[in-house]
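Peer 1: data33.csv (CSV, C-alpha atoms) pasted underneath:
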```
chain,number,residue,atom,x,y,z
A,1,MET,CA,42.0,-58.2,-18.7
A,2,VAL,CA,38.5,-59.4,-19.6
A,3,GLU,CA,38.6,-61.8,-16.7
A,4,GLU,CA,39.6,-59.0,-14.3
A,5,ALA,CA,36.7,-56.8,-15.5
A,6,LYS,CA,34.3,-59.7,-14.8
A,7,LYS,CA,35.2,-59.6,-11.1
A,8,GLU,CA,34.2,-56.0,-10.6
A,9,PHE,CA,30.7,-56.6,-9.3
A,10,TRP,CA,30.4,-53.1,-7.9
A,11,ARG,CA,30.9,-51.5,-11.4
A,12,TRP,CA,27.8,-49.8,-12.7
A,13,PRO,CA,27.2,-48.8,-16.3
A,14,GLU,CA,28.8,-45.5,-17.3
A,15,GLY,CA,27.8,-43.6,-20.4
A,16,THR,CA,27.1,-40.6,-22.5
A,17,TRP,CA,24.2,-39.2,-24.5
A,18,VAL,CA,23.9,-36.4,-27.0
A,19,ASN,CA,20.6,-34.7,-27.9
A,20,PRO,CA,20.2,-35.2,-31.7
A,21,HIS,CA,17.6,-32.4,-32.0
A,22,ILE,CA,19.8,-29.6,-31.0
A,23,ASN,CA,22.4,-27.8,-33.2
A,24,TRP,CA,24.6,-26.2,-30.7
A,25,LYS,CA,26.0,-23.7,-33.2
A,26,GLN,CA,22.6,-22.0,-33.3
A,27,GLY,CA,22.5,-21.7,-29.6
A,28,LYS,CA,23.4,-18.5,-27.8
A,29,ILE,CA,24.4,-19.6,-24.4
A,30,ILE,CA,26.2,-22.9,-23.8
A,31,THR,CA,26.8,-23.8,-20.2
A,32,SER,CA,28.0,-26.8,-18.4
A,33,GLY,CA,27.8,-28.3,-14.9
A,34,VAL,CA,30.3,-30.8,-13.5
A,35,ASP,CA,29.3,-32.8,-10.5
A,36,VAL,CA,32.3,-34.5,-8.9
A,37,GLY,CA,30.9,-36.8,-6.3
A,38,SER,CA,32.7,-39.2,-4.0
A,39,VAL,CA,32.0,-42.2,-6.2
A,40,SER,CA,30.7,-40.9,-9.5
A,41,SER,CA,31.3,-37.8,-11.6
A,42,GLN,CA,28.9,-36.3,-14.2
A,43,GLY,CA,29.2,-33.6,-16.8
A,44,VAL,CA,26.2,-31.9,-18.4
A,45,VAL,CA,26.0,-29.4,-21.3
A,46,LEU,CA,23.0,-27.2,-21.8
A,47,VAL,CA,22.3,-25.1,-24.9
A,48,ASP,CA,20.1,-22.2,-24.1
A,49,GLY,CA,18.9,-24.0,-21.0
A,50,GLU,CA,17.9,-27.2,-22.9
A,51,LEU,CA,19.7,-30.5,-22.3
A,52,TYR,CA,22.3,-31.1,-25.0
A,53,SER,CA,24.6,-33.8,-23.7
A,54,PHE,CA,25.7,-35.6,-20.5
A,55,GLY,CA,28.3,-38.0,-19.4
A,56,SER,CA,28.7,-40.1,-16.3
A,57,THR,CA,31.8,-41.8,-15.1
A,58,ARG,CA,33.5,-43.1,-12.0
A,59,THR,CA,35.4,-40.7,-9.8
A,60,GLY,CA,39.1,-41.6,-9.6
A,61,PHE,CA,41.5,-40.8,-6.8
A,62,ASP,CA,42.3,-37.4,-8.5
A,63,SER,CA,39.4,-34.9,-8.4
A,64,PRO,CA,40.6,-32.5,-11.2
A,65,ASP,CA,41.2,-35.5,-13.4
A,66,SER,CA,37.8,-37.0,-12.7
A,67,ALA,CA,36.1,-33.6,-13.4
A,68,ARG,CA,37.9,-33.3,-16.7
A,69,LYS,CA,37.1,-36.9,-17.6
A,70,ALA,CA,33.4,-36.4,-16.9
A,71,LEU,CA,33.2,-33.3,-19.0
A,72,ASN,CA,35.2,-34.9,-21.8
A,73,ILE,CA,32.8,-37.8,-21.9
A,74,ALA,CA,29.9,-35.4,-22.2
A,75,LEU,CA,31.7,-33.6,-25.1
A,76,GLU,CA,33.3,-36.5,-26.9
A,77,GLN,CA,30.5,-37.3,-29.3
A,78,THR,CA,29.9,-33.7,-30.0
A,79,ASP,CA,32.1,-31.1,-31.7
A,80,VAL,CA,31.8,-28.7,-28.8
A,81,THR,CA,35.1,-28.0,-27.1
A,82,GLU,CA,35.8,-26.5,-23.7
A,83,GLU,CA,36.5,-23.1,-25.5
A,84,ASN,CA,32.9,-23.0,-26.7
A,85,LEU,CA,31.4,-23.1,-23.2
A,86,ASP,CA,30.1,-19.8,-21.8
A,87,TYR,CA,30.2,-20.8,-18.2
A,88,CYS,CA,31.0,-23.8,-16.2
A,89,ILE,CA,29.9,-24.5,-12.6
A,90,GLY,CA,31.4,-27.2,-10.3
A,91,THR,CA,29.4,-29.0,-7.7
A,92,GLY,CA,29.5,-32.0,-5.5
A,93,TYR,CA,31.9,-33.3,-2.9
A,94,GLY,CA,35.0,-32.5,-5.1
A,95,ARG,CA,33.7,-29.1,-6.4
A,96,VAL,CA,36.7,-27.1,-5.2
A,97,ASN,CA,38.8,-29.3,-7.5
A,98,VAL,CA,37.1,-28.7,-10.8
A,99,PRO,CA,39.7,-26.9,-12.9
A,100,MET,CA,37.5,-25.7,-15.7
A,101,ALA,CA,34.8,-24.3,-13.5
A,102,GLN,CA,34.4,-20.6,-13.0
A,103,ARG,CA,32.7,-21.0,-9.7
A,104,THR,CA,31.2,-23.6,-7.4
A,105,ILE,CA,27.7,-24.1,-5.9
A,106,THR,CA,26.8,-26.6,-3.2
A,107,GLU,CA,25.3,-29.8,-4.4
A,108,ILE,CA,22.2,-29.2,-2.2
A,109,ALA,CA,21.2,-26.2,-4.3
A,110,CYS,CA,22.1,-28.0,-7.5
A,111,HIS,CA,20.2,-31.1,-6.7
A,112,ALA,CA,17.0,-29.1,-5.9
A,113,ARG,CA,17.3,-27.2,-9.1
A,114,GLY,CA,18.1,-30.3,-11.2
A,115,ALA,CA,15.3,-32.3,-9.8
A,116,HIS,CA,12.9,-29.4,-10.3
A,117,PHE,CA,14.0,-29.3,-14.0
A,118,MET,CA,13.8,-33.1,-14.4
A,119,TYR,CA,10.6,-34.0,-12.5
A,120,GLY,CA,8.8,-30.6,-12.7
A,121,PRO,CA,7.7,-27.9,-10.3
A,122,ALA,CA,5.5,-30.2,-8.3
A,123,VAL,CA,8.6,-31.7,-6.5
A,124,ARG,CA,8.7,-30.8,-2.8
A,125,THR,CA,11.0,-33.3,-1.3
A,126,ILE,CA,14.2,-34.6,-2.8
A,127,MET,CA,16.3,-37.4,-1.5
A,128,ASP,CA,19.8,-37.3,-2.9
A,129,MET,CA,21.4,-40.6,-2.4
A,130,GLY,CA,25.0,-40.2,-3.2
A,131,GLY,CA,28.1,-42.3,-3.0
A,132,GLN,CA,29.1,-41.5,0.5
A,133,ASP,CA,26.3,-39.3,1.9
A,134,CYS,CA,22.7,-38.7,1.6
A,135,LYS,CA,20.7,-35.5,1.9
A,136,ALA,CA,17.0,-34.9,2.2
A,137,ILE,CA,16.0,-31.5,0.7
A,138,ASN,CA,12.7,-29.6,0.8
A,139,CYS,CA,12.2,-27.1,-2.0
A,140,ASP,CA,9.5,-24.7,-3.3
A,141,GLU,CA,7.8,-24.5,-6.7
A,142,LYS,CA,10.8,-22.6,-8.1
A,143,GLY,CA,13.3,-25.3,-7.1
A,144,LYS,CA,14.7,-23.1,-4.3
A,145,VAL,CA,15.9,-24.9,-1.2
A,146,LEU,CA,13.7,-24.4,1.9
A,147,ASN,CA,15.3,-26.9,4.3
A,148,PHE,CA,17.7,-29.8,4.1
A,149,MET,CA,19.2,-32.5,6.3
A,150,MET,CA,22.5,-34.3,5.8
A,151,ASN,CA,23.1,-37.9,7.1
A,152,ASP,CA,25.5,-38.7,9.8
A,153,LYS,CA,29.2,-38.7,9.1
A,154,CYS,CA,29.2,-42.3,7.8
A,155,ALA,CA,28.8,-44.2,4.5
A,156,ALA,CA,26.2,-46.7,5.7
A,157,GLY,CA,23.1,-46.6,3.6
A,158,THR,CA,24.8,-45.0,0.7
A,159,GLY,CA,26.0,-46.0,-2.8
A,160,ARG,CA,29.4,-47.0,-1.7
A,161,GLY,CA,27.9,-49.3,0.9
A,162,MET,CA,25.9,-51.0,-1.8
A,163,GLU,CA,29.0,-51.4,-3.9
A,164,VAL,CA,30.9,-53.0,-1.1
A,165,PHE,CA,28.0,-55.3,-0.5
A,166,ALA,CA,27.8,-56.3,-4.2
A,167,ASP,CA,31.5,-57.1,-4.2
A,168,LEU,CA,31.1,-59.2,-1.0
A,169,ILE,CA,28.3,-61.4,-2.3
A,170,GLN,CA,29.6,-61.4,-5.9
A,171,VAL,CA,26.5,-60.2,-7.5
A,172,PRO,CA,26.5,-57.3,-10.1
A,173,VAL,CA,25.3,-54.2,-8.3
A,174,TRP,CA,22.3,-53.6,-10.7
A,175,GLU,CA,21.0,-57.1,-10.1
A,176,ILE,CA,20.7,-56.6,-6.4
A,177,GLY,CA,17.4,-54.7,-6.6
A,178,PRO,CA,15.4,-57.2,-8.7
A,179,ARG,CA,16.9,-60.2,-7.0
A,180,SER,CA,16.1,-58.9,-3.5
A,181,PHE,CA,12.4,-59.5,-4.4
A,182,GLN,CA,12.9,-63.1,-5.4
A,183,ILE,CA,12.2,-64.3,-1.9
A,184,ASP,CA,9.4,-66.2,0.0
A,185,GLU,CA,9.0,-63.7,2.8
A,186,GLU,CA,10.6,-60.4,3.8
A,187,PRO,CA,13.5,-61.3,6.2
A,188,GLU,CA,14.7,-59.2,9.1
A,189,MET,CA,16.9,-56.3,8.2
A,190,ILE,CA,20.7,-56.2,8.8
A,191,SER,CA,21.0,-54.6,12.2
A,192,SER,CA,24.4,-53.0,11.9
A,193,THR,CA,24.6,-49.4,11.0
A,194,CYS,CA,28.2,-49.4,10.0
A,195,VAL,CA,29.3,-50.8,6.6
A,196,VAL,CA,32.2,-52.6,8.1
A,197,PHE,CA,30.0,-54.3,10.7
A,198,ALA,CA,27.2,-54.9,8.2
A,199,LYS,CA,29.8,-56.7,6.1
A,200,SER,CA,30.6,-59.2,8.8
A,201,GLU,CA,26.9,-59.6,9.6
A,202,VAL,CA,26.3,-60.4,5.9
A,203,LEU,CA,29.2,-62.9,6.0
A,204,GLY,CA,27.6,-64.5,9.0
A,205,LEU,CA,24.3,-64.9,7.3
A,206,LEU,CA,25.9,-66.4,4.2
A,207,GLU,CA,27.7,-68.9,6.4
A,208,GLN,CA,24.5,-69.9,8.1
A,209,GLY,CA,23.3,-70.9,4.7
A,210,VAL,CA,20.8,-68.0,4.2
A,211,PRO,CA,20.0,-67.8,0.5
A,212,GLU,CA,21.8,-64.9,-1.3
A,213,ASN,CA,18.5,-63.2,-2.4
A,214,GLN,CA,17.3,-63.1,1.2
A,215,VAL,CA,20.6,-61.5,2.3
A,216,MET,CA,20.1,-58.9,-0.4
A,217,ALA,CA,16.6,-58.2,0.8
A,218,SER,CA,17.9,-57.8,4.4
A,219,TYR,CA,20.6,-55.3,3.2
A,220,CYS,CA,18.2,-53.3,1.0
A,221,ALA,CA,15.7,-53.1,3.9
A,222,ALA,CA,18.3,-51.9,6.3
A,223,MET,CA,19.4,-49.2,3.8
A,224,ALA,CA,15.8,-48.1,3.3
A,225,HIS,CA,15.3,-47.9,7.0
A,226,ARG,CA,18.3,-45.7,7.6
A,227,ILE,CA,17.1,-43.2,5.0
A,228,MET,CA,13.7,-43.2,6.7
A,229,ALA,CA,15.2,-41.7,9.8
A,230,LEU,CA,16.6,-38.8,7.9
A,231,LEU,CA,13.3,-38.2,6.0
A,232,HIS,CA,11.3,-38.3,9.2
A,233,ARG,CA,13.4,-35.6,10.7
A,234,LEU,CA,12.9,-33.3,7.7
A,235,GLY,CA,9.3,-34.2,6.8
A,236,VAL,CA,8.3,-35.6,3.5
A,237,GLN,CA,5.9,-34.0,1.1
A,238,GLU,CA,4.7,-35.1,-2.3
A,239,LYS,CA,6.0,-35.0,-5.0
A,240,PHE,CA,8.8,-37.0,-3.5
A,241,VAL,CA,11.7,-38.0,-5.7
A,242,ILE,CA,15.0,-39.7,-5.3
A,243,THR,CA,18.1,-38.6,-7.2
A,244,GLY,CA,21.6,-40.2,-7.3
A,245,GLY,CA,22.7,-43.8,-7.9
A,246,ILE,CA,20.6,-45.6,-5.3
A,247,ALA,CA,17.4,-44.3,-7.1
A,248,LYS,CA,18.2,-47.0,-9.6
A,249,ASN,CA,18.0,-49.8,-7.0
A,250,GLU,CA,14.4,-50.8,-6.8
A,251,GLY,CA,15.2,-53.1,-3.8
A,252,VAL,CA,15.8,-50.0,-1.7
A,253,VAL,CA,13.3,-47.6,-3.4
A,254,LYS,CA,10.3,-49.9,-3.1
A,255,ARG,CA,11.0,-50.8,0.5
A,256,LEU,CA,11.4,-47.2,1.3
A,257,GLU,CA,8.1,-46.4,-0.4
A,258,LYS,CA,6.4,-49.1,1.6
A,259,GLU,CA,7.8,-47.9,4.9
A,260,LEU,CA,7.1,-44.3,4.2
A,261,GLY,CA,3.7,-44.8,2.7
A,262,ILE,CA,4.5,-42.4,-0.1
A,263,LYS,CA,5.3,-43.3,-3.7
A,264,THR,CA,8.3,-41.8,-5.4
A,265,ALA,CA,7.4,-39.9,-8.6
A,266,GLU,CA,7.7,-41.7,-11.9
A,267,LYS,CA,11.1,-41.3,-13.6
A,268,VAL,CA,9.9,-39.3,-16.6
A,269,TRP,CA,11.0,-35.9,-17.9
A,270,TYR,CA,8.6,-33.1,-16.9
A,271,LYS,CA,9.0,-31.5,-20.3
A,272,PRO,CA,6.8,-33.5,-22.8
A,273,GLU,CA,9.3,-33.0,-25.6
A,274,TYR,CA,12.0,-34.8,-23.5
A,275,LYS,CA,10.0,-38.0,-23.3
A,276,ASP,CA,12.3,-40.0,-25.5
A,277,TYR,CA,15.5,-38.8,-23.8
A,278,PRO,CA,17.2,-41.2,-21.3
A,279,PHE,CA,16.3,-40.4,-17.7
A,280,ASP,CA,19.4,-40.7,-15.5
A,281,THR,CA,18.8,-39.9,-11.8
A,282,GLN,CA,22.6,-39.5,-11.4
A,283,ILE,CA,22.9,-36.4,-13.5
A,284,ALA,CA,20.5,-34.2,-11.4
A,285,GLY,CA,23.3,-32.4,-9.6
A,286,ALA,CA,25.2,-31.6,-12.8
A,287,VAL,CA,22.0,-30.5,-14.5
A,288,GLY,CA,21.3,-28.1,-11.6
A,289,ALA,CA,24.8,-26.7,-11.9
A,290,ALA,CA,24.4,-26.1,-15.6
A,291,LEU,CA,21.0,-24.5,-15.1
A,292,PHE,CA,22.5,-22.1,-12.5
A,293,ALA,CA,25.3,-21.3,-15.0
A,294,HIS,CA,22.6,-20.6,-17.7
A,295,ALA,CA,20.6,-18.4,-15.3
A,296,MET,CA,23.6,-16.4,-14.2
A,297,VAL,CA,24.9,-15.8,-17.8
A,298,SER,CA,21.5,-14.9,-19.2
A,299,LYS,CA,20.8,-12.5,-16.4
A,300,GLY,CA,24.2,-10.8,-16.8
A,301,LYS,CA,25.2,-11.7,-13.3
A,302,VAL,CA,28.5,-13.2,-14.6
A,303,LYS,CA,30.5,-12.7,-17.7
A,304,SER,CA,30.8,-15.3,-20.4
A,305,VAL,CA,34.2,-16.8,-20.7
A,306,ARG,CA,33.7,-18.2,-24.2
A,307,LYS,CA,36.8,-18.1,-26.3
A,308,THR,CA,35.5,-19.1,-29.7
U,1,MET,CA,15.2,-21.4,4.4
U,2,LYS,CA,16.5,-22.8,7.6
U,3,ALA,CA,20.2,-23.8,7.2
U,4,PHE,CA,21.3,-26.5,9.6
U,5,TYR,CA,25.0,-26.3,10.3
U,6,GLY,CA,26.4,-29.2,12.3
U,7,PHE,CA,25.6,-32.9,12.8
U,8,LYS,CA,23.7,-35.5,14.7
U,9,ASP,CA,25.4,-38.4,16.4
U,10,GLY,CA,24.7,-40.9,19.1
U,11,SER,CA,24.8,-38.3,21.9
U,12,GLY,CA,22.4,-35.8,20.4
U,13,ASP,CA,21.6,-33.1,17.8
U,14,TRP,CA,24.4,-30.5,17.4
U,15,PHE,CA,23.2,-27.8,15.0
U,16,LEU,CA,23.5,-24.1,14.7
U,17,ILE,CA,20.4,-23.1,12.7
U,18,ILE,CA,20.3,-19.9,10.7
U,19,ASP,CA,17.0,-18.8,9.2
U,20,THR,CA,18.1,-17.1,5.9
U,21,GLU,CA,14.7,-15.5,5.5
U,22,LYS,CA,15.1,-13.6,8.7
U,23,CYS,CA,18.9,-12.9,8.5
U,24,ASN,CA,19.7,-9.4,7.2
U,25,GLY,CA,23.4,-9.9,6.8
U,26,CYS,CA,24.3,-7.3,9.5
U,27,SER,CA,27.4,-9.2,10.7
U,28,ALA,CA,26.6,-8.5,14.4
U,29,CYS,CA,26.9,-12.2,15.2
U,30,VAL,CA,30.3,-12.5,13.4
U,31,ALA,CA,31.7,-9.9,15.8
U,32,VAL,CA,30.4,-11.4,19.1
U,33,CYS,CA,31.1,-15.1,18.4
U,34,PRO,CA,34.0,-16.0,20.8
U,35,ALA,CA,34.9,-19.0,18.6
U,36,HIS,CA,34.9,-16.9,15.3
U,37,ALA,CA,32.7,-19.6,13.7
U,38,LEU,CA,30.4,-17.3,11.8
U,39,GLU,CA,30.9,-15.2,8.6
U,40,VAL,CA,28.7,-13.3,6.2
U,41,GLY,CA,28.6,-14.0,2.5
U,42,GLU,CA,26.6,-15.1,-0.4
U,43,ASP,CA,23.7,-17.4,0.3
U,44,GLU,CA,25.1,-20.7,-0.9
U,45,PHE,CA,21.8,-22.4,-1.0
U,46,ASP,CA,20.2,-19.7,-3.2
U,47,PRO,CA,23.1,-18.7,-5.6
U,48,LEU,CA,20.8,-16.4,-7.6
U,49,SER,CA,19.9,-14.2,-4.7
U,50,GLU,CA,21.9,-11.0,-4.3
U,51,GLU,CA,21.5,-10.8,-0.5
U,52,HIS,CA,24.3,-11.7,1.9
U,53,VAL,CA,23.5,-13.9,4.9
U,54,ALA,CA,25.4,-15.3,7.8
U,55,HIS,CA,26.7,-18.8,7.8
U,56,VAL,CA,29.0,-21.1,9.8
U,57,LYS,CA,32.6,-21.3,8.4
U,58,ASP,CA,33.3,-24.5,6.5
U,59,GLU,CA,35.9,-25.8,8.9
U,60,ASP,CA,33.6,-25.5,11.9
U,61,ARG,CA,30.6,-27.4,10.4
U,62,LYS,CA,31.8,-30.8,11.3
U,63,LYS,CA,32.8,-29.9,14.8
U,64,ILE,CA,30.1,-27.4,15.8
U,65,ARG,CA,29.5,-29.3,19.0
U,66,TYR,CA,33.0,-28.4,20.2
U,67,THR,CA,33.1,-24.9,18.6
U,68,CYS,CA,29.9,-23.9,20.4
U,69,ALA,CA,30.7,-25.8,23.6
U,70,PRO,CA,32.2,-22.8,25.5
U,71,CYS,CA,28.9,-21.0,25.3
U,72,LYS,CA,26.8,-24.1,26.0
U,73,PRO,CA,23.7,-22.9,24.1
U,74,GLY,CA,20.5,-23.2,26.1
U,75,PHE,CA,22.3,-24.0,29.3
U,76,SER,CA,24.9,-21.5,30.7
U,77,ILE,CA,24.8,-18.0,29.2
U,78,ASP,CA,21.2,-17.6,28.1
U,79,PRO,CA,20.8,-16.4,25.5
U,80,VAL,CA,24.2,-17.0,24.0
U,81,PRO,CA,26.0,-14.0,22.4
U,82,CYS,CA,25.1,-14.7,18.8
U,83,VAL,CA,21.4,-15.3,19.6
U,84,ALA,CA,21.3,-12.3,21.9
U,85,VAL,CA,22.8,-9.9,19.4
U,86,CYS,CA,20.7,-11.0,16.4
U,87,GLU,CA,17.9,-8.4,16.0
U,88,PRO,CA,15.8,-10.4,13.6
U,89,GLY,CA,16.1,-13.5,15.7
U,90,ALA,CA,17.6,-15.6,12.9
U,91,ILE,CA,19.9,-17.8,15.0
U,92,THR,CA,18.9,-20.8,17.1
U,93,HIS,CA,20.6,-23.9,18.4
U,94,SER,CA,19.4,-27.5,18.6
U,95,ASP,CA,19.1,-29.0,22.1
U,96,GLY,CA,22.3,-31.1,22.2
U,97,TRP,CA,24.2,-28.9,24.6
U,98,LYS,CA,21.2,-28.3,26.8
U,99,ARG,CA,20.6,-32.1,27.2
U,100,SER,CA,24.2,-33.0,27.7
U,101,TYR,CA,25.3,-30.3,30.0
U,102,GLY,CA,22.1,-28.9,31.4
```
Render the structure in this file as structure tokens.

Peer 2:
Amino acid sequence: MVEEAKKEFWRWPEGTWVNPHINWKQGKIITSGVDVGSVSSQGVVLVDGELYSFGSTRTGFDSPDSARKALNIALEQTDVTEENLDYCIGTGYGRVNVPMAQRTITEIACHARGAHFMYGPAVRTIMDMGGQDCKAINCDEKGKVLNFMMNDKCAAGTGRGMEVFADLIQVPVWEIGPRSFQIDEEPEMISSTCVVFAKSEVLGLLEQGVPENQVMASYCAAMAHRIMALLHRLGVQEKFVITGGIAKNEGVVKRLEKELGIKTAEKVWYKPEYKDYPFDTQIAGAVGAALFAHAMVSKGKVKSVRKT
Amino acid sequence: MKAFYGFKDGSGDWFLIIDTEKCNGCSACVAVCPAHALEVGEDEFDPLSEEHVAHVKDEDRKKIRYTCAPCKPGFSIDPVPCVAVCEPGAITHSDGWKRSYG
């Protein structure tokens, strides 16, 4: 079993976190957001609009099951139960399959809102790099979407592409970023757009004896270049932030910054009292959904479904 | 905001673009679209707003090139029915059809 786990180079760390400074029993409105993506699922719980807990896990083949798993992970170290939640909103690729959600909101609106909360109102362009798609979003100072662009109907340049690549070269996915900089000079990027073709191109490079780190650099550069095209079409404004799993891969992020000439904002919470809380770029969508739920309940737009 | 419904591929840009700031939710476009691709409902990109706006039906978003093909926006009937009927001028199309068929 242990040996089997070792072979899963694509597997990224999953986890949960609970805010020790909040007693949920004193809170008035408890809302949650569940973001079921194509690769990862997140659950976030807010107490009166403040971050209380979150959980992140891998999406399985069953969307309702993954949604439940994500929320359970967010709740497992707390004594909050599903009955205590005032309102739950589902978002992401699998949002129509979130059984405990009262309504759904597109991930575009949720990511804008979530990034606005996490990085602050100065955010203007958000790049959400998800498991199987990426979206560039422009928003205003209130976190409202002004404009957005989706990528083409293809998984190239997304999280799943990176996982496939990690598996192919047998390097854990979180090591690809740092190792892609341990090279003498920047190599040419992988020219194939498609993940399947890129895979054979990578194999070809490895067979030619190109060092692994250099192949990683080529792949990261190709990914950064693909995202560039999308951002160019939309127009990038500062503050520019990246959400989603690829934001954790510096190999892609730094190359993108270089090509774009714009730095991404530092990964720190906008609210000063949050400074010691873990900053996870993957939870932005779920945070946004939970914030929408909070806004709707507190404005009386929807009825609370809390049972106890 | 400008909501882009459609996709881009090797042959061009295939988008129906609705400016939600201009759209007043009058449903005139819904009635005239020969492909029945449009509907009016809540603004999905601004869930807190009360106003209803037009949007492309979910099932048509990934095949808008073919849904809009009978009208050939920017090329055959000009302006196409949805654009012509929209009083606030909220609907536009990208140039994919014009370039490919024009």

Peer 1: Quick one: pull the distance between CA of Glu51 (chain U) and CA of Glu21 (chain U), Å, one decimal.

Peer 2: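 CA of Glu51 (chain U) sits 10.2 Å away from CA of Glu21 (chain U).
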
Peer 1: Could you give me, as number ranges by chain, the residues within 8 Å of Met149 (chain A), counting all atoms listed in the file and dropping anything in the same chain fewer than 6 positions from it?

Peer 2: A: 135-137, 230, 233-234; U: 4

Peer 1: CA of Asp48 (chain A) and CA of Gly27 (chain A) are how many Å apart?

Peer 2: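 The value is 6.0 Å.
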
Peer 1: Find the residues of chain A in contact range of chain U, meaning any atom within 6 Å when counting only C-alpha atoms, and list them as a list in words.

Peer 2: Ala109, Leu146 and Asn147 of chain A

Peer 1: Extract, using all atoms listed in the file, all DNA, RNA and protein residues at most 12 Å from region 253-259 of chain A, discarding same-chain residues fewer than 4 positions from it, and format them as a PyMOL selection string.

Peer 2: chain A and resi 127+129+157+177-178+180-181+186+189+217-232+236+238+240-249+263-266

Peer 1: Write out as JSON, numbers by chain which residues come within 12 Å of Ala90 (chain U) when counting all atoms listed in the file, dropping same-chain ones fewer than 4 positions away.

Peer 2: {"U": [1, 2, 3, 4, 16, 17, 18, 19, 20, 21, 22, 23, 24, 25, 26, 27, 28, 29, 53, 54, 55, 82, 83, 84, 85, 86]}

Peer 1: Separation of CA of Asp140 (chain A) and CA of His52 (chain U), in Å?

Peer 2: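 So the two atoms, CA of Asp140 (chain A) and CA of His52 (chain U), lie 20.4 Å apart.
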
Peer 1: Please provide the set of residues having any atom within 6 Å of region 160-170 of chain A, restricted to all atoms listed in the file, with same-chain residues fewer than 6 positions apart removed, written as an NGL selection string.

Peer 2: :A and (9-10 or 131-132)

Peer 1: Need the shell around region 118-120 of chain A: protein/DNA/RNA residues with any atom at most 10 Å away, counting only C-alpha atoms. Skip same-chain ones fewer than 5 positions apart. Format as a list in words?

Peer 2: Ala112, Arg113, Glu141, Lys142, Gly143, Lys239, Phe240, Val241, Ala265, Glu266, Lys267, Val268, Trp269, Tyr270, Lys271, Tyr274, Phe279, Asp280, Thr281, Ile283, Ala284, Val287 and Gly288 of chain A

Peer 1: With distances taken over all atoms listed in the file, which residue among U:Ser94, U:Thr67, U:Ser76, U:Ser49 lies nearest Trp14 (chain U)?

Peer 2: U:Ser94

Peer 1: Please reconstruct the missing atoms of region 42-55 of chain A (target: N, CA and C atoms) and return them as an mmCIF file, keeping the file's coordinate frame.

Peer 2:
```cif
data_model
loop_
_atom_site.group_PDB
_atom_site.id
_atom_site.type_symbol
_atom_site.label_atom_id
_atom_site.label_comp_id
_atom_site.auth_asym_id
_atom_site.auth_seq_id
_atom_site.Cartn_x
_atom_site.Cartn_y
_atom_site.Cartn_z
ATOM 1 N N GLN A 42 29.729 -36.511 -13.001
ATOM 2 C CA GLN A 42 28.900 -36.300 -14.200
ATOM 3 C C GLN A 42 29.193 -34.916 -14.782
ATOM 4 N N GLY A 43 29.090 -34.867 -16.097
ATOM 5 C CA GLY A 43 29.200 -33.600 -16.800
ATOM 6 C C GLY A 43 27.935 -33.411 -17.621
ATOM 7 N N VAL A 44 27.365 -32.200 -17.618
ATOM 8 C CA VAL A 44 26.200 -31.900 -18.400
ATOM 9 C C VAL A 44 26.391 -30.646 -19.184
ATOM 10 N N VAL A 45 25.951 -30.648 -20.459
ATOM 11 C CA VAL A 45 26.000 -29.400 -21.300
ATOM 12 C C VAL A 45 24.643 -29.015 -21.666
ATOM 13 N N LEU A 46 24.324 -27.745 -21.455
ATOM 14 C CA LEU A 46 23.000 -27.200 -21.800
ATOM 15 C C LEU A 46 23.235 -26.167 -22.935
ATOM 16 N N VAL A 47 22.336 -26.176 -23.921
ATOM 17 C CA VAL A 47 22.300 -25.100 -24.900
ATOM 18 C C VAL A 47 21.084 -24.322 -24.740
ATOM 19 N N ASP A 48 21.205 -23.063 -24.413
ATOM 20 C CA ASP A 48 20.100 -22.200 -24.100
ATOM 21 C C ASP A 48 19.129 -22.819 -23.074
ATOM 22 N N GLY A 49 19.693 -23.468 -22.099
ATOM 23 C CA GLY A 49 18.900 -24.000 -21.000
ATOM 24 C C GLY A 49 18.229 -25.353 -21.361
ATOM 25 N N GLU A 50 18.509 -25.911 -22.540
ATOM 26 C CA GLU A 50 17.900 -27.200 -22.900
ATOM 27 C C GLU A 50 19.055 -28.266 -22.852
ATOM 28 N N LEU A 51 18.678 -29.468 -22.446
ATOM 29 C CA LEU A 51 19.700 -30.500 -22.300
ATOM 30 C C LEU A 51 20.297 -30.890 -23.624
ATOM 31 N N TYR A 52 21.619 -30.769 -23.713
ATOM 32 C CA TYR A 52 22.300 -31.100 -25.000
ATOM 33 C C TYR A 52 23.068 -32.404 -24.853
ATOM 34 N N SER A 53 23.863 -32.550 -23.839
ATOM 35 C CA SER A 53 24.600 -33.800 -23.700
ATOM 36 C C SER A 53 24.943 -34.038 -22.227
ATOM 37 N N PHE A 54 25.177 -35.290 -21.875
ATOM 38 C CA PHE A 54 25.700 -35.600 -20.500
ATOM 39 C C PHE A 54 26.594 -36.800 -20.561
ATOM 40 N N GLY A 55 27.423 -36.887 -19.575
ATOM 41 C CA GLY A 55 28.300 -38.000 -19.400
ATOM 42 C C GLY A 55 28.433 -38.389 -17.979
#
```
